[in-house]
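First comes the structure, then the notes that go with it.
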Amino acid sequence: MPPALTALTEMPSPQYVMSADGLRIATYQWGEDDAPTVLCVHGFASSCRDNWVSTGWVRDLTRAGFRVLGVDQRGHGASDKPHEASAYGMNAFVDDLVTVLDTYLLDSVLYAGYSLGARVGWQLAVQVPDHVERAVLGGIPDGRPLARLQIEQARAYADHGIPVEDTVTQNYVTLTERVAGNDLRALIALAEGMRLGDADPDVAHPPTQQMLFATGSDDAILERSKLLADATPNGTFVELPDRHHFNAPGSRVFRQAAVEFFTQR
């Protein structure tokens with residue numbers, strides 16, 4: 001691989017930011033410091049490397065002249081992974097990103113989020129709109145995240161190796177075990193914590209920034225994603241051909257649409 005291409009796709013050492021509740025949040029940077037910054041936030045059971053580096057997003061964004069700031073959300077990657085459900089409320093995820101932006105002295109960023117990262121991005125854009133110039137939200141549902149996961153079955157598997165019977169729960173367990181370094185107990189706590197309070201996108205109070213929604217044509221949440229886009233005053237939607245929820249981040253159509261969207265002024 002040519003050295004220039006390697007430099008665009010390798011993982012730098014994490015730089016840690018301390019959250020308000022004392023957790024280490026891992027962050028990563030690529031590109032020039034004075035370039036427009038895209039904050040990239042991954043999905044459930046994924047990581048910055050898995051969602052954004054291995055799929056070519058960092059390569060394409062930096063080639064297009066953007067600086068990329070990646071984050072491992074709490075419970076993922078090189079960030080701390082508490083096992084208490086109370087550590088994973090929506091406000092905690094949003095507060096982590098605000099802390100990251102404050103630490104890097106960034107008033108406003110472009111935002112790219114997938115699945116859980118898209119859900120957090122919606123809330124960030126609503127709660128602190130001055131921080132988000134425009135956003136790409138991929139694979140975002142309009143239902144409560146992870147609601148179909150059977151917590152007790154997943155916990156029995158993690159603690160005692162009891163086979164999971166529920167198909168949806170088994171899919172989440174398989175997803176968790178696919179990414180090296182994942183902590184199943186932490187991610188079970190995350191799924192439980194996201195059910196505390198109202199974690200659904202509120203279509204009555206959508207973000208007002210320019211928003212690009214993208215979902216795979218084979219994703220079960222496709223129609224609900226379109227409804228969210230329709231409910232957003234400045235929302236547009238792109239369907240990703242022949243992609244389901246778990247492989248959509250690698251879609252070239254997705255990457256190209258995002259670069260074009262971020263380049264618009």
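Ligands are numbered from 1 in the order shown, chains are lettered A, B, ... in the order of the structure tokens, and residues start at 1 in each chain.
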
Can you check which parts of region 180-237 of chain A lie within 10 Å of region 152-165 of chain A? Per residue, the shortest pair of atoms and distance in Å to one decimal, counting only C-alpha atoms, sorted by chain and number, as CSV.
```
residue,atom,partner,partner_atom,distance
A:Asp183,CA,A:Ala158,CA,9.6
A:Leu184,CA,A:Ala158,CA,6.6
A:Arg185,CA,A:Ala158,CA,6.6
A:Leu187,CA,A:Ala154,CA,9.8
A:Ile188,CA,A:Arg155,CA,7.0
A:Ala189,CA,A:Arg155,CA,9.2
```

> So which residues touch Gly43 (chain A) within 6 Å, counting only C-alpha atoms, skipping near sequence neighbours fewer than 3 positions away, as a ChimeraX atom specification?
Replying inline: /A:46,114-117

> Just asking: which residues within region 68-185 of chain A are alpha helix (DSSP H) according to DSSP, as a PyMOL selection string?
Replying inline: chain A and resi 90-103+116-127+151-160+167-178+184-185

Hey, could you make a per-residue contact list for region 52-107 of chain A against region 130-141 of chain A with 10 Å as the cut-off, showing the nearest pair of atoms and its distance in Å to one decimal, counting only C-alpha atoms, sorted by chain and number, as JSON lines?
```
{"residue": "A:Leu97", "atom": "CA", "partner": "A:His131", "partner_atom": "CA", "distance": 9.8}
{"residue": "A:Val98", "atom": "CA", "partner": "A:His131", "partner_atom": "CA", "distance": 8.1}
{"residue": "A:Leu101", "atom": "CA", "partner": "A:His131", "partner_atom": "CA", "distance": 8.1}
{"residue": "A:Asp102", "atom": "CA", "partner": "A:His131", "partner_atom": "CA", "distance": 9.8}
{"residue": "A:Leu106", "atom": "CA", "partner": "A:His131", "partner_atom": "CA", "distance": 8.0}
{"residue": "A:Asp107", "atom": "CA", "partner": "A:His131", "partner_atom": "CA", "distance": 5.7}
```

Please produce a file of those selected residues containing N, CA, C and O atoms, as an mmCIF file, in the first residue's frame.
```cif
data_model
loop_
_atom_site.group_PDB
_atom_site.id
_atom_site.type_symbol
_atom_site.label_atom_id
_atom_site.label_comp_id
_atom_site.auth_asym_id
_atom_site.auth_seq_id
_atom_site.Cartn_x
_atom_site.Cartn_y
_atom_site.Cartn_z
ATOM 1 N N LEU A 97 -20.009 13.950 23.940
ATOM 2 C CA LEU A 97 -19.625 14.631 22.707
ATOM 3 C C LEU A 97 -19.424 16.124 22.924
ATOM 4 O O LEU A 97 -18.509 16.723 22.341
ATOM 5 N N VAL A 98 -20.251 16.734 23.758
ATOM 6 C CA VAL A 98 -20.054 18.149 24.083
ATOM 7 C C VAL A 98 -18.701 18.345 24.756
ATOM 8 O O VAL A 98 -17.964 19.295 24.451
ATOM 9 N N LEU A 101 -15.975 18.155 22.116
ATOM 10 C CA LEU A 101 -15.889 19.386 21.327
ATOM 11 C C LEU A 101 -15.275 20.520 22.138
ATOM 12 O O LEU A 101 -14.447 21.287 21.619
ATOM 13 N N ASP A 102 -15.646 20.620 23.398
ATOM 14 C CA ASP A 102 -15.065 21.665 24.248
ATOM 15 C C ASP A 102 -13.562 21.453 24.424
ATOM 16 O O ASP A 102 -12.771 22.412 24.402
ATOM 17 N N LEU A 106 -13.722 23.279 19.660
ATOM 18 C CA LEU A 106 -14.522 23.321 18.446
ATOM 19 C C LEU A 106 -15.915 23.848 18.773
ATOM 20 O O LEU A 106 -16.655 23.234 19.542
ATOM 21 N N ASP A 107 -16.257 24.972 18.197
ATOM 22 C CA ASP A 107 -17.581 25.540 18.432
ATOM 23 C C ASP A 107 -18.662 24.791 17.664
ATOM 24 O O ASP A 107 -19.763 24.568 18.173
#
```

Just the residues within 10 Å of Ala35 (chain A), please, counting only C-alpha atoms, with nothing from its chain fewer than 2 positions along; format it as a PDB file with N, CA and C atoms, in the first residue's frame.
```pdb
ATOM      1  N   GLY A  31      -6.109  14.407   9.328  1.00  0.00           N
ATOM      2  CA  GLY A  31      -6.253  15.590   8.499  1.00  0.00           C
ATOM      3  C   GLY A  31      -5.626  16.827   9.116  1.00  0.00           C
ATOM      4  N   GLU A  32      -5.795  17.953   8.428  1.00  0.00           N
ATOM      5  CA  GLU A  32      -5.196  19.215   8.838  1.00  0.00           C
ATOM      6  C   GLU A  32      -6.034  19.890   9.913  1.00  0.00           C
ATOM      7  N   ASP A  33      -5.353  20.482  10.896  1.00  0.00           N
ATOM      8  CA  ASP A  33      -6.056  21.096  12.022  1.00  0.00           C
ATOM      9  C   ASP A  33      -6.981  22.232  11.611  1.00  0.00           C
ATOM     10  N   THR A  37     -14.088  20.332  10.261  1.00  0.00           N
ATOM     11  CA  THR A  37     -14.034  19.092  11.029  1.00  0.00           C
ATOM     12  C   THR A  37     -15.331  18.299  10.916  1.00  0.00           C
ATOM     13  N   VAL A  38     -15.197  17.011  10.626  1.00  0.00           N
ATOM     14  CA  VAL A  38     -16.317  16.068  10.661  1.00  0.00           C
ATOM     15  C   VAL A  38     -16.154  15.200  11.904  1.00  0.00           C
ATOM     16  N   THR A  62     -10.830  12.760   4.366  1.00  0.00           N
ATOM     17  CA  THR A  62      -9.570  13.510   4.369  1.00  0.00           C
ATOM     18  C   THR A  62      -9.136  13.856   2.954  1.00  0.00           C
ATOM     19  N   GLY A  65     -10.635  16.983   1.817  1.00  0.00           N
ATOM     20  CA  GLY A  65     -10.200  18.208   2.469  1.00  0.00           C
ATOM     21  C   GLY A  65     -10.743  18.437   3.856  1.00  0.00           C
ATOM     22  N   PHE A  66     -11.315  17.389   4.475  1.00  0.00           N
ATOM     23  CA  PHE A  66     -11.864  17.536   5.812  1.00  0.00           C
ATOM     24  C   PHE A  66     -10.902  16.998   6.869  1.00  0.00           C
ATOM     25  N   ARG A  67     -10.986  17.553   8.033  1.00  0.00           N
ATOM     26  CA  ARG A  67     -10.359  16.968   9.212  1.00  0.00           C
ATOM     27  C   ARG A  67     -11.391  16.030   9.833  1.00  0.00           C
ATOM     28  N   VAL A  68     -10.965  14.859  10.276  1.00  0.00           N
ATOM     29  CA  VAL A  68     -11.864  13.896  10.907  1.00  0.00           C
ATOM     30  C   VAL A  68     -11.506  13.776  12.384  1.00  0.00           C
TER      31      VAL A  68
END
```

>> Would you compute the distance between CA of Ala26 (chain A) and CA of Leu149 (chain A)? Give it in Å to one decimal.
In response: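 Between CA of Ala26 (chain A) and CA of Leu149 (chain A) the gap is 26.6 Å.
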
> Which polymer residues have any atom within 12 Å of an atom of Ala180 (chain A), counting only C-alpha atoms, with same-chain residues fewer than 6 positions away left out, as a ChimeraX atom specification?
Replying inline: /A:45-47,49-50,76-78,174

Saved selection, atoms kept: N, CA and C atoms, as a PDB file, in the first residue's frame:
```pdb
ATOM      1  N   ALA A  45     -22.045  -1.603  19.432  1.00  0.00           N
ATOM      2  CA  ALA A  45     -21.138  -2.756  19.305  1.00  0.00           C
ATOM      3  C   ALA A  45     -20.093  -2.567  18.223  1.00  0.00           C
ATOM      4  N   SER A  46     -19.882  -1.336  17.778  1.00  0.00           N
ATOM      5  CA  SER A  46     -18.868  -1.037  16.784  1.00  0.00           C
ATOM      6  C   SER A  46     -17.783  -0.188  17.439  1.00  0.00           C
ATOM      7  N   SER A  47     -17.042   0.559  16.649  1.00  0.00           N
ATOM      8  CA  SER A  47     -15.982   1.428  17.156  1.00  0.00           C
ATOM      9  C   SER A  47     -15.619   2.404  16.060  1.00  0.00           C
ATOM     10  N   ARG A  49     -12.727   2.630  14.629  1.00  0.00           N
ATOM     11  CA  ARG A  49     -11.996   1.852  13.620  1.00  0.00           C
ATOM     12  C   ARG A  49     -12.959   1.058  12.736  1.00  0.00           C
ATOM     13  N   ASP A  50     -13.896   0.366  13.357  1.00  0.00           N
ATOM     14  CA  ASP A  50     -14.779  -0.544  12.635  1.00  0.00           C
ATOM     15  C   ASP A  50     -15.725   0.204  11.705  1.00  0.00           C
ATOM     16  N   HIS A  76     -17.380   1.245  24.347  1.00  0.00           N
ATOM     17  CA  HIS A  76     -16.877   0.735  23.071  1.00  0.00           C
ATOM     18  C   HIS A  76     -15.391   1.049  22.897  1.00  0.00           C
ATOM     19  N   GLY A  77     -14.764   0.294  21.989  1.00  0.00           N
ATOM     20  CA  GLY A  77     -13.400   0.586  21.560  1.00  0.00           C
ATOM     21  C   GLY A  77     -12.432   0.722  22.707  1.00  0.00           C
ATOM     22  N   ALA A  78     -11.643   1.795  22.679  1.00  0.00           N
ATOM     23  CA  ALA A  78     -10.645   2.037  23.716  1.00  0.00           C
ATOM     24  C   ALA A  78     -11.182   2.888  24.867  1.00  0.00           C
ATOM     25  N   THR A 174     -23.896 -11.836  18.254  1.00  0.00           N
ATOM     26  CA  THR A 174     -22.944 -12.102  17.177  1.00  0.00           C
ATOM     27  C   THR A 174     -22.247 -10.826  16.746  1.00  0.00           C
TER      28      THR A 174
END
```
